[in-house]
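Source file: final-v2.txt. Holds: compact mmCIF, C-alpha atoms.
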# COMPACT_ATOMS: atom_id res chain seq x y z
CA MET A 1 -14.66 17.05 26.15
CA ASN A 2 -16.28 14.99 28.93
CA ASP A 3 -14.95 11.62 30.15
CA ALA A 4 -17.49 9.60 28.12
CA ALA A 5 -16.62 11.41 24.91
CA MET A 6 -12.91 10.97 25.54
CA ALA A 7 -13.39 7.27 26.19
CA GLY A 8 -15.35 6.94 22.95
CA ALA A 9 -12.67 8.74 20.98
CA GLU A 10 -9.97 6.50 22.42
CA SER A 11 -11.93 3.34 21.63
CA ALA A 12 -12.42 4.52 18.05
CA ALA A 13 -8.73 5.28 17.53
CA ALA A 14 -6.71 2.77 15.56
CA PRO A 15 -4.27 0.72 17.62
CA SER A 16 -0.59 1.55 17.24
CA TRP A 17 1.11 -0.52 14.57
CA LYS A 18 3.94 -1.19 17.03
CA ASP A 19 1.52 -2.75 19.51
CA VAL A 20 -0.20 -5.17 17.12
CA LEU A 21 2.97 -6.98 16.01
CA SER A 22 4.49 -9.45 18.43
CA VAL A 23 8.23 -9.77 18.90
CA GLN A 24 8.14 -13.12 17.11
CA GLU A 25 6.22 -11.68 14.17
CA ARG A 26 8.71 -8.86 13.82
CA LYS A 27 11.58 -11.33 13.77
CA GLN A 28 9.80 -13.31 11.04
CA LEU A 29 9.15 -10.18 8.99
CA LEU A 30 12.81 -9.15 9.26
CA GLN A 31 14.08 -12.58 8.26
CA LEU A 32 16.13 -12.57 5.04
CA ASP A 33 15.58 -15.28 2.44
CA PRO A 34 18.46 -15.32 -0.11
CA ALA A 35 16.49 -17.55 -2.49
CA ARG A 36 13.68 -15.01 -2.71
CA ALA A 37 16.16 -12.19 -3.23
CA TRP A 38 17.73 -14.08 -6.14
CA MET A 39 14.25 -14.80 -7.52
CA SER A 40 13.39 -11.09 -7.53
CA ILE A 41 16.61 -10.23 -9.35
CA ALA A 42 16.08 -13.05 -11.86
CA THR A 43 12.45 -12.07 -12.47
CA ASN A 44 13.44 -8.55 -13.48
CA TRP A 45 16.06 -9.76 -15.94
CA ILE A 46 13.87 -12.55 -17.31
CA LEU A 47 11.13 -10.04 -18.10
CA ILE A 48 13.67 -7.69 -19.70
CA PHE A 49 15.04 -10.41 -21.98
CA ALA A 50 11.53 -11.74 -22.69
CA ALA A 51 10.46 -8.28 -23.84
CA MET A 52 13.50 -8.08 -26.10
CA GLY A 53 12.82 -11.60 -27.35
CA LEU A 54 9.27 -10.59 -28.28
CA VAL A 55 10.63 -7.88 -30.57
CA ALA A 56 13.18 -10.26 -32.08
CA TRP A 57 10.38 -12.75 -32.78
CA ARG A 58 7.81 -10.27 -34.10
CA PRO A 59 9.42 -6.90 -34.85
CA ASN A 60 6.64 -4.36 -35.30
CA PRO A 61 5.56 -1.08 -33.66
CA LEU A 62 3.19 -2.82 -31.23
CA THR A 63 5.82 -5.22 -29.85
CA VAL A 64 8.38 -2.42 -29.65
CA VAL A 65 6.02 -0.26 -27.58
CA ALA A 66 5.14 -3.22 -25.33
CA ALA A 67 8.81 -4.06 -24.87
CA VAL A 68 9.81 -0.50 -23.98
CA LEU A 69 7.00 -0.35 -21.40
CA VAL A 70 8.05 -3.62 -19.77
CA ILE A 71 11.78 -2.88 -19.89
CA GLY A 72 11.28 0.58 -18.35
CA ALA A 73 9.24 -0.95 -15.54
CA ARG A 74 11.90 -3.58 -14.93
CA GLN A 75 14.64 -0.96 -14.93
CA LEU A 76 12.64 0.54 -12.09
CA GLY A 77 12.60 -3.00 -10.65
CA LEU A 78 16.41 -3.01 -10.74
CA GLY A 79 16.29 0.34 -8.98
CA ILE A 80 14.20 -1.31 -6.27
CA VAL A 81 16.80 -4.09 -6.00
CA MET A 82 19.40 -1.36 -5.48
CA HIS A 83 17.07 0.16 -2.88
CA GLU A 84 16.95 -3.19 -1.08
CA ALA A 85 20.74 -3.37 -1.16
CA ALA A 86 20.90 0.15 0.29
CA HIS A 87 18.86 -1.11 3.25
CA ARG A 88 20.99 -4.30 3.36
CA THR A 89 17.91 -6.50 2.91
CA LEU A 90 19.19 -8.63 0.03
CA PHE A 91 21.79 -10.82 1.75
CA ARG A 92 23.33 -11.15 5.22
CA SER A 93 26.83 -10.70 3.82
CA ARG A 94 27.36 -6.98 3.36
CA VAL A 95 29.96 -7.62 0.66
CA LEU A 96 27.60 -9.85 -1.34
CA ASN A 97 24.67 -7.52 -0.68
CA ASP A 98 26.47 -4.50 -2.14
CA TRP A 99 28.19 -6.41 -4.95
CA VAL A 100 24.94 -7.89 -6.23
CA GLY A 101 23.08 -4.63 -5.68
CA ASN A 102 25.64 -2.81 -7.82
CA TRP A 103 26.61 -5.22 -10.60
CA LEU A 104 23.23 -6.86 -11.20
CA ALA A 105 21.00 -3.86 -10.56
CA ALA A 106 22.48 -0.39 -9.98
CA TYR A 107 25.30 -0.14 -12.52
CA PRO A 108 23.22 -1.26 -15.53
CA ILE A 109 20.79 1.63 -14.88
CA TRP A 110 23.58 4.13 -14.11
CA ALA A 111 23.27 4.18 -10.33
CA ASP A 112 25.41 3.21 -7.33
CA VAL A 113 24.42 1.60 -4.00
CA GLU A 114 26.77 3.36 -1.57
CA PRO A 115 26.04 7.03 -2.37
CA TYR A 116 22.36 6.21 -2.83
CA ARG A 117 22.29 4.66 0.64
CA ALA A 118 23.46 7.86 2.35
CA TYR A 119 21.03 9.96 0.34
CA HIS A 120 18.09 7.62 0.83
CA LEU A 121 18.50 7.33 4.60
CA VAL A 122 18.09 11.10 4.79
CA HIS A 123 14.74 10.66 3.03
CA HIS A 124 13.69 8.15 5.69
CA ALA A 125 14.84 10.36 8.55
CA LYS A 126 13.26 13.54 7.14
CA THR A 127 10.16 12.23 5.34
CA GLY A 128 7.70 14.98 4.54
CA THR A 129 9.80 17.76 6.04
CA PRO A 130 11.50 20.58 4.12
CA ASP A 131 14.77 18.61 4.50
CA ASP A 132 13.39 15.56 2.69
CA PRO A 133 15.54 15.22 -0.49
CA ASP A 134 12.64 13.51 -2.30
CA LEU A 135 10.10 16.20 -1.45
CA GLY A 136 10.28 17.76 -4.90
CA LEU A 137 9.22 14.51 -6.58
CA ALA A 138 5.72 14.58 -5.09
CA ALA A 139 5.12 18.01 -3.56
CA PRO A 140 3.94 19.75 -6.78
CA PHE A 141 0.87 17.53 -6.97
CA PRO A 142 -2.02 17.85 -7.61
CA VAL A 143 -1.50 19.58 -10.95
CA THR A 144 -3.84 20.51 -13.77
CA ARG A 145 -4.53 18.06 -16.58
CA ALA A 146 -2.49 20.20 -18.94
CA GLY A 147 0.39 20.25 -16.46
CA PHE A 148 0.26 16.49 -16.04
CA ARG A 149 0.19 15.95 -19.81
CA ARG A 150 3.32 18.10 -20.12
CA LYS A 151 5.12 16.01 -17.52
CA VAL A 152 4.13 12.77 -19.25
CA TRP A 153 5.21 14.16 -22.62
CA ARG A 154 8.59 15.22 -21.24
CA ASP A 155 9.08 11.69 -19.88
CA LEU A 156 7.93 9.78 -22.96
CA SER A 157 9.70 12.08 -25.42
CA GLY A 158 13.02 11.48 -23.63
CA GLN A 159 13.46 15.05 -22.39
CA THR A 160 13.47 14.02 -18.73
CA GLY A 161 15.81 11.11 -19.41
CA TRP A 162 18.27 13.23 -21.41
CA LYS A 163 18.31 15.84 -18.66
CA GLN A 164 18.95 13.07 -16.15
CA ALA A 165 21.77 11.60 -18.25
CA LYS A 166 23.57 14.95 -18.45
CA ALA A 167 23.12 15.55 -14.73
CA VAL A 168 24.39 12.10 -13.74
CA PHE A 169 27.37 12.33 -16.09
CA ALA A 170 28.37 15.70 -14.61
CA ARG A 171 27.80 14.41 -11.08
CA ASP A 172 29.91 11.28 -11.56
CA LEU A 173 32.80 13.25 -13.04
CA GLY A 174 32.60 15.91 -10.33
CA LEU A 175 31.56 18.59 -12.82
CA ALA A 176 28.24 19.50 -11.24
CA GLY A 177 29.75 22.62 -9.67
CA LYS A 178 27.79 22.21 -6.44
CA ARG A 179 26.95 19.63 -3.81
CA THR A 180 24.71 16.98 -5.31
CA HIS A 181 22.17 14.63 -3.75
CA ARG A 182 24.92 12.00 -3.57
CA GLU A 183 26.53 14.06 -0.83
CA LEU A 184 23.47 14.15 1.39
CA GLY A 185 24.16 12.45 4.69
CA MET A 186 27.83 13.48 4.54
CA SER A 187 29.44 16.11 6.74
CA GLY A 188 30.16 19.53 5.31
CA GLY A 189 33.76 18.77 4.38
CA GLU A 190 33.14 15.41 2.75
CA ARG A 191 32.64 14.91 -0.97
CA SER A 192 31.43 11.88 -2.89
CA ASP A 193 33.84 9.71 -4.86
CA VAL A 194 33.91 11.00 -8.46
CA GLY A 195 35.87 10.40 -11.64
CA TRP A 196 35.92 8.15 -14.68
CA ARG A 197 36.03 5.11 -12.37
CA LYS A 198 32.39 5.89 -11.53
CA ILE A 199 31.46 5.67 -15.22
CA ALA A 200 33.45 2.47 -15.85
CA PRO A 201 31.07 0.00 -14.11
CA VAL A 202 28.14 1.50 -16.01
CA ALA A 203 30.01 1.05 -19.29
CA ILE A 204 31.07 -2.50 -18.38
CA THR A 205 27.59 -3.74 -17.42
CA ASN A 206 25.99 -2.11 -20.44
CA GLY A 207 28.76 -3.53 -22.61
CA VAL A 208 28.05 -7.01 -21.25
CA LEU A 209 24.35 -6.57 -22.03
CA LEU A 210 25.15 -5.44 -25.57
CA GLY A 211 27.61 -8.34 -25.97
CA LEU A 212 25.00 -10.91 -24.89
CA LEU A 213 22.52 -9.52 -27.39
CA ALA A 214 25.19 -9.56 -30.10
CA LEU A 215 25.98 -13.21 -29.31
CA ALA A 216 22.27 -13.93 -29.70
CA GLY A 217 22.39 -12.29 -33.12
CA HIS A 218 20.35 -9.21 -32.19
CA PRO A 219 22.65 -6.36 -31.05
CA ALA A 220 20.08 -3.77 -32.17
CA LEU A 221 17.82 -4.88 -29.31
CA TYR A 222 20.11 -2.91 -27.01
CA LEU A 223 18.40 0.20 -28.38
CA LEU A 224 15.26 -0.92 -26.52
CA TRP A 225 17.23 -0.73 -23.28
CA VAL A 226 18.42 2.80 -24.02
CA ALA A 227 14.98 3.93 -25.20
CA ALA A 228 13.32 2.59 -22.05
CA TRP A 229 15.93 4.20 -19.77
CA LEU A 230 15.25 7.57 -21.42
CA THR A 231 11.45 7.29 -21.48
CA THR A 232 9.26 4.70 -19.77
CA TYR A 233 11.61 4.25 -16.81
CA ARG A 234 11.21 7.98 -16.12
CA LEU A 235 7.42 7.81 -16.33
CA ALA A 236 7.17 4.69 -14.14
CA ALA A 237 9.44 6.32 -11.55
CA ARG A 238 7.39 9.53 -11.61
CA LEU A 239 4.08 7.69 -11.11
CA ARG A 240 5.59 5.62 -8.35
CA SER A 241 6.84 8.76 -6.57
CA ILE A 242 3.42 10.41 -6.82
CA ALA A 243 1.77 7.33 -5.33
CA GLU A 244 4.24 7.03 -2.46
CA HIS A 245 4.27 10.58 -1.10
CA GLY A 246 2.01 12.76 -3.23
CA MET A 247 -1.20 14.34 -1.88
CA VAL A 248 -0.72 12.79 1.56
CA PRO A 249 -2.97 13.98 4.44
CA ASP A 250 -0.28 14.74 7.04
CA ASN A 251 3.42 15.19 6.28
CA LEU A 252 4.44 14.62 9.91
CA ASP A 253 2.33 11.53 10.69
CA PRO A 254 4.18 8.32 9.69
CA LEU A 255 0.86 6.62 8.91
CA ARG A 256 -0.30 9.50 6.73
CA ASN A 257 2.80 10.89 5.03
CA THR A 258 3.49 7.74 3.01
CA ARG A 259 1.05 5.73 0.92
CA THR A 260 0.60 2.05 0.25
CA THR A 261 -1.16 1.34 -3.04
CA ARG A 262 -2.82 -2.03 -3.40
CA ALA A 263 -1.72 -2.89 -6.93
CA ARG A 264 -3.46 -4.99 -9.55
CA LEU A 265 -1.49 -7.55 -11.57
CA TRP A 266 -0.90 -5.20 -14.54
CA GLU A 267 0.18 -2.45 -12.17
CA ARG A 268 2.67 -4.77 -10.53
CA LEU A 269 4.05 -5.57 -13.98
CA LEU A 270 4.34 -1.98 -15.24
CA LEU A 271 4.40 0.33 -12.20
CA ALA A 272 5.09 -1.52 -8.96
CA PRO A 273 7.88 -4.11 -9.33
CA ASN A 274 9.24 -6.03 -6.37
CA ARG A 275 6.38 -5.11 -4.00
CA VAL A 276 7.40 -1.44 -3.98
CA ASN A 277 3.72 -0.50 -3.69
CA TYR A 278 3.81 -1.44 0.02
CA HIS A 279 5.64 1.77 0.75
CA LEU A 280 3.92 2.73 3.99
CA GLU A 281 4.96 -0.56 5.59
CA HIS A 282 8.50 -0.04 4.30
CA HIS A 283 8.69 3.34 6.02
CA LEU A 284 7.31 1.95 9.27
CA LEU A 285 9.96 -0.79 9.40
CA MET A 286 12.51 -0.12 6.68
CA THR A 287 14.60 -3.28 7.10
CA VAL A 288 11.75 -5.65 6.25
CA PRO A 289 12.72 -7.29 2.92
CA HIS A 290 10.33 -6.49 0.08
CA TYR A 291 8.88 -10.01 -0.18
CA ASN A 292 7.66 -9.82 3.44
CA LEU A 293 5.90 -6.46 3.05
CA PRO A 294 2.58 -7.98 1.83
CA ARG A 295 2.40 -10.11 4.99
CA MET A 296 3.16 -7.09 7.16
CA HIS A 297 0.37 -5.20 5.39
CA ARG A 298 -2.11 -8.02 5.99
CA LEU A 299 -1.24 -8.27 9.68
CA LEU A 300 -1.55 -4.53 10.25
CA ARG A 301 -4.78 -4.30 8.31
CA GLN A 302 -6.44 -7.29 9.96
CA ARG A 303 -5.64 -5.84 13.38
CA GLY A 304 -6.96 -2.36 12.61
CA ALA A 305 -3.63 -0.52 12.66
CA LEU A 306 -4.18 0.85 9.14
CA ARG A 307 -7.67 2.16 9.82
CA ASP A 308 -6.59 5.80 9.48
CA ALA A 309 -3.51 5.16 7.35
CA CYS A 310 -2.88 6.37 3.81
CA VAL A 311 -3.83 3.34 1.69
CA ALA A 312 -5.22 3.48 -1.85
CA ASP A 313 -6.82 0.92 -4.14
CA GLY A 314 -4.85 1.04 -7.38
CA TYR A 315 -2.62 3.56 -9.11
CA LEU A 316 -5.46 4.95 -11.20
CA THR A 317 -7.17 6.02 -7.99
CA VAL A 318 -4.04 7.88 -6.89
CA LEU A 319 -3.61 9.52 -10.29
CA GLY A 320 -7.22 10.67 -10.11
CA SER A 321 -6.26 12.63 -7.01
CA ALA A 322 -3.09 13.95 -8.64
CA ILE A 323 -4.89 15.62 -11.55
CA THR A 324 -7.28 18.52 -11.09
CA ASP A 325 -9.45 20.53 -13.47
CA HIS A 326 -8.43 23.75 -11.75
CA CYS A 327 -5.08 25.32 -10.96
CA PRO A 328 -4.06 24.35 -7.39
CA SER A 329 -4.35 27.22 -4.94
CA THR A 330 -0.81 26.72 -3.63
CA ALA A 331 2.30 25.64 -5.43
CA GLY A 332 4.65 23.03 -4.07
CA PRO A 333 8.40 23.09 -4.33
CA ALA A 334 9.89 22.99 -7.76
CA GLY A 335 10.11 19.59 -9.37
CA SER A 336 13.25 17.54 -9.19
CA SER A 337 15.38 16.22 -12.01
CA ARG A 338 15.86 13.01 -10.04
CA ALA A 339 12.75 11.38 -11.53
CA GLY A 340 14.56 8.09 -11.78
CA THR A 341 15.74 7.92 -8.21
CA PRO A 342 14.12 4.98 -6.22
CA GLY A 343 13.06 5.71 -2.66
Please, can you express the file's structure as structure tokens?
Amino acid sequence: MNDAAMAGAESAAAPSWKDVLSVQERKQLLQLDPARAWMSIATNWILIFAAMGLVAWRPNPLTVVAAVLVIGARQLGLGIVMHEAAHRTLFRSRVLNDWVGNWLAAYPIWADVEPYRAYHLVHHAKTGTPDDPDLGLAAPFPVTRAGFRRKVWRDLSGQTGWKQAKAVFARDLGLAGKRTHRELGMSGGERSDVGWRKIAPVAITNGVLLGLLALAGHPALYLLWVAAWLTTYRLAARLRSIAEHGMVPDNLDPLRNTRTTRARLWERLLLAPNRVNYHLEHHLLMTVPHYNLPRMHRLLRQRGALRDACVADGYLTVLGSAITDHCPSTAGPAGSSRAGTPG
């Protein structure tokens, strides 16, 4: 290539995302706002109770389906709150950060901040490589329409959720018989904390939820919570995983191994709670709190840093790429049972 061609190629290249953000802008993006963190937590629970209230007000198949969809999406939202706590982007106090992340988000959906943190940081360090613990969630795509329908059916029929419940129960009691994803990030001789004490917080938080519904005169509404955890939560988590790391152009390029999906309002309600759709920006600077990710996206886009990045308009666009009429020529790694794991 001659000098003129090289100069043209360099001028056409997108500027580095690190170069377009000033030191002051980075400080602003990293700034924690406790009020906004509390608002995100409250929004998830308000929508959960509103969905249950809709069924209590007008109990019929349509409201039940709508409620299970919303509750499943907001259970994913609680998973994203746990994810924020794992990155310590909820509150400055580490004690408060982990306490809130566990008791108001992780425990109700049968998860735990501390072991998730170790596991999830491996995903950030090894994104797109064979050592990425989340690789199996997105690598099998694209799949045929029949294959995708089977996955959706397994999610919505509760098969995925039941498999997850059995796996988590065995993991928490130390009965898995092998090292689990909770032990990722630990040295070879270390093992995660297991036993009935790991089940107790899950039972307590779910018992509180059931008790509140009983005090309101509608204990049966708790079944909506269980149904969503087994079904729509699994589907929402699967679609989110596909959008974040599925069908990416370059597994080793940080701008092209993770996708941001510009979400519409209904997608934010049902698929992308708590700004999780800005996943590329999260991977570029993982300690930016979720409510600052849209601003980071705007700054990078306005300044041309996302010109060659993996950015999609809407989840339907991504799903269109995930489904093919023909059997893919190569098969990805086997799917993972961790469909409900936020990342």
query = Pick from A:Trp57, A:Tyr119, A:Tyr315, A:Trp110: nearest to Leu78 (chain A), with all atoms listed in the file counted?
reply = A:Trp110
ask   = Restricting the calculation to all atoms listed in the file, which member of A:Arg117, A:Gln28, A:His123, A:Val81 is positioned closest to Gly136 (chain A)?
value = A:His123
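Minimum distance to Ala86 (chain A) across A:Val113, A:Met296, A:Ala272, A:Ala106 (counting all atoms listed in the file) occurs at A:Val113.
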query = If we count all atoms listed in the file, what is near Leu252 (chain A) at a cut-off of 10 Å, once residues fewer than 6 positions away on the same chain are taken out, given as a list in words?
reply = Lys126, Thr127, Gly128, Thr129 and Thr258 of chain A
Okay, now the selection with C-alpha atoms, as a CSV table (one decimal), in the frame of the given file?
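Saved the output as again-v7.csv:
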chain,number,residue,atom,x,y,z
A,126,LYS,CA,13.3,13.5,7.1
A,127,THR,CA,10.2,12.2,5.3
A,128,GLY,CA,7.7,15.0,4.5
A,129,THR,CA,9.8,17.8,6.0
A,258,THR,CA,3.5,7.7,3.0
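Those residues that approach region 277-285 of chain A to within 7 Å, counting only C-alpha atoms, are His124, Glu244, Leu255, Thr258, Arg259, Thr260, Thr261, Arg262, Ala263, Ala272, Leu293, Pro294, Met296 and His297 of chain A; same-chain residues fewer than 4 positions away are not listed.
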Spatial neighbours of Val194 (chain A), 10 Å, only C-alpha atoms, chain gap at least 6 places, as a VMD selection string = chain A and resid 170 to 175
Write the residues of the selection above to a file with C-alpha atoms, as a PDB file, keeping the file's coordinate frame.
ATOM      1  CA  ALA A 170      28.370  15.700 -14.610  1.00  0.00           C
ATOM      2  CA  ARG A 171      27.800  14.410 -11.080  1.00  0.00           C
ATOM      3  CA  ASP A 172      29.910  11.280 -11.560  1.00  0.00           C
ATOM      4  CA  LEU A 173      32.800  13.250 -13.040  1.00  0.00           C
ATOM      5  CA  GLY A 174      32.600  15.910 -10.330  1.00  0.00           C
ATOM      6  CA  LEU A 175      31.560  18.590 -12.820  1.00  0.00           C
TER       7      LEU A 175
END
Taking the structure in the block just given, could you write region 281-294 of chain A with N, CA and C atoms, as a compact mmCIF listing (two decimals), in the first residue's frame?
# COMPACT_ATOMS: atom_id res chain seq x y z
N GLU A 281 -20.75 -0.50 25.83
CA GLU A 281 -20.17 0.55 26.67
C GLU A 281 -19.79 0.00 28.04
N HIS A 282 -20.63 -0.91 28.55
CA HIS A 282 -20.32 -1.53 29.85
C HIS A 282 -19.01 -2.31 29.79
N HIS A 283 -18.77 -3.01 28.69
CA HIS A 283 -17.54 -3.78 28.58
C HIS A 283 -16.33 -2.87 28.37
N LEU A 284 -16.52 -1.73 27.73
CA LEU A 284 -15.40 -0.81 27.53
C LEU A 284 -14.95 -0.20 28.85
N LEU A 285 -15.92 0.13 29.72
CA LEU A 285 -15.61 0.76 31.00
C LEU A 285 -16.61 0.21 32.01
N MET A 286 -16.24 -0.92 32.63
CA MET A 286 -17.24 -1.72 33.34
C MET A 286 -17.68 -1.15 34.68
N THR A 287 -17.04 -0.08 35.16
CA THR A 287 -17.48 0.51 36.42
C THR A 287 -18.32 1.77 36.23
N VAL A 288 -18.78 2.00 35.01
CA VAL A 288 -19.75 3.07 34.77
C VAL A 288 -21.11 2.57 35.25
N PRO A 289 -21.79 3.26 36.16
CA PRO A 289 -23.11 2.80 36.60
C PRO A 289 -24.10 2.81 35.45
N HIS A 290 -25.09 1.94 35.51
CA HIS A 290 -25.97 1.70 34.36
C HIS A 290 -26.69 2.95 33.88
N TYR A 291 -27.03 3.87 34.79
CA TYR A 291 -27.78 5.06 34.38
C TYR A 291 -26.92 6.06 33.62
N ASN A 292 -25.60 5.89 33.63
CA ASN A 292 -24.72 6.76 32.85
C ASN A 292 -24.32 6.17 31.51
N LEU A 293 -24.70 4.92 31.25
CA LEU A 293 -24.31 4.27 30.00
C LEU A 293 -24.93 4.95 28.77
N PRO A 294 -26.20 5.41 28.81
CA PRO A 294 -26.73 6.10 27.63
C PRO A 294 -25.92 7.34 27.26
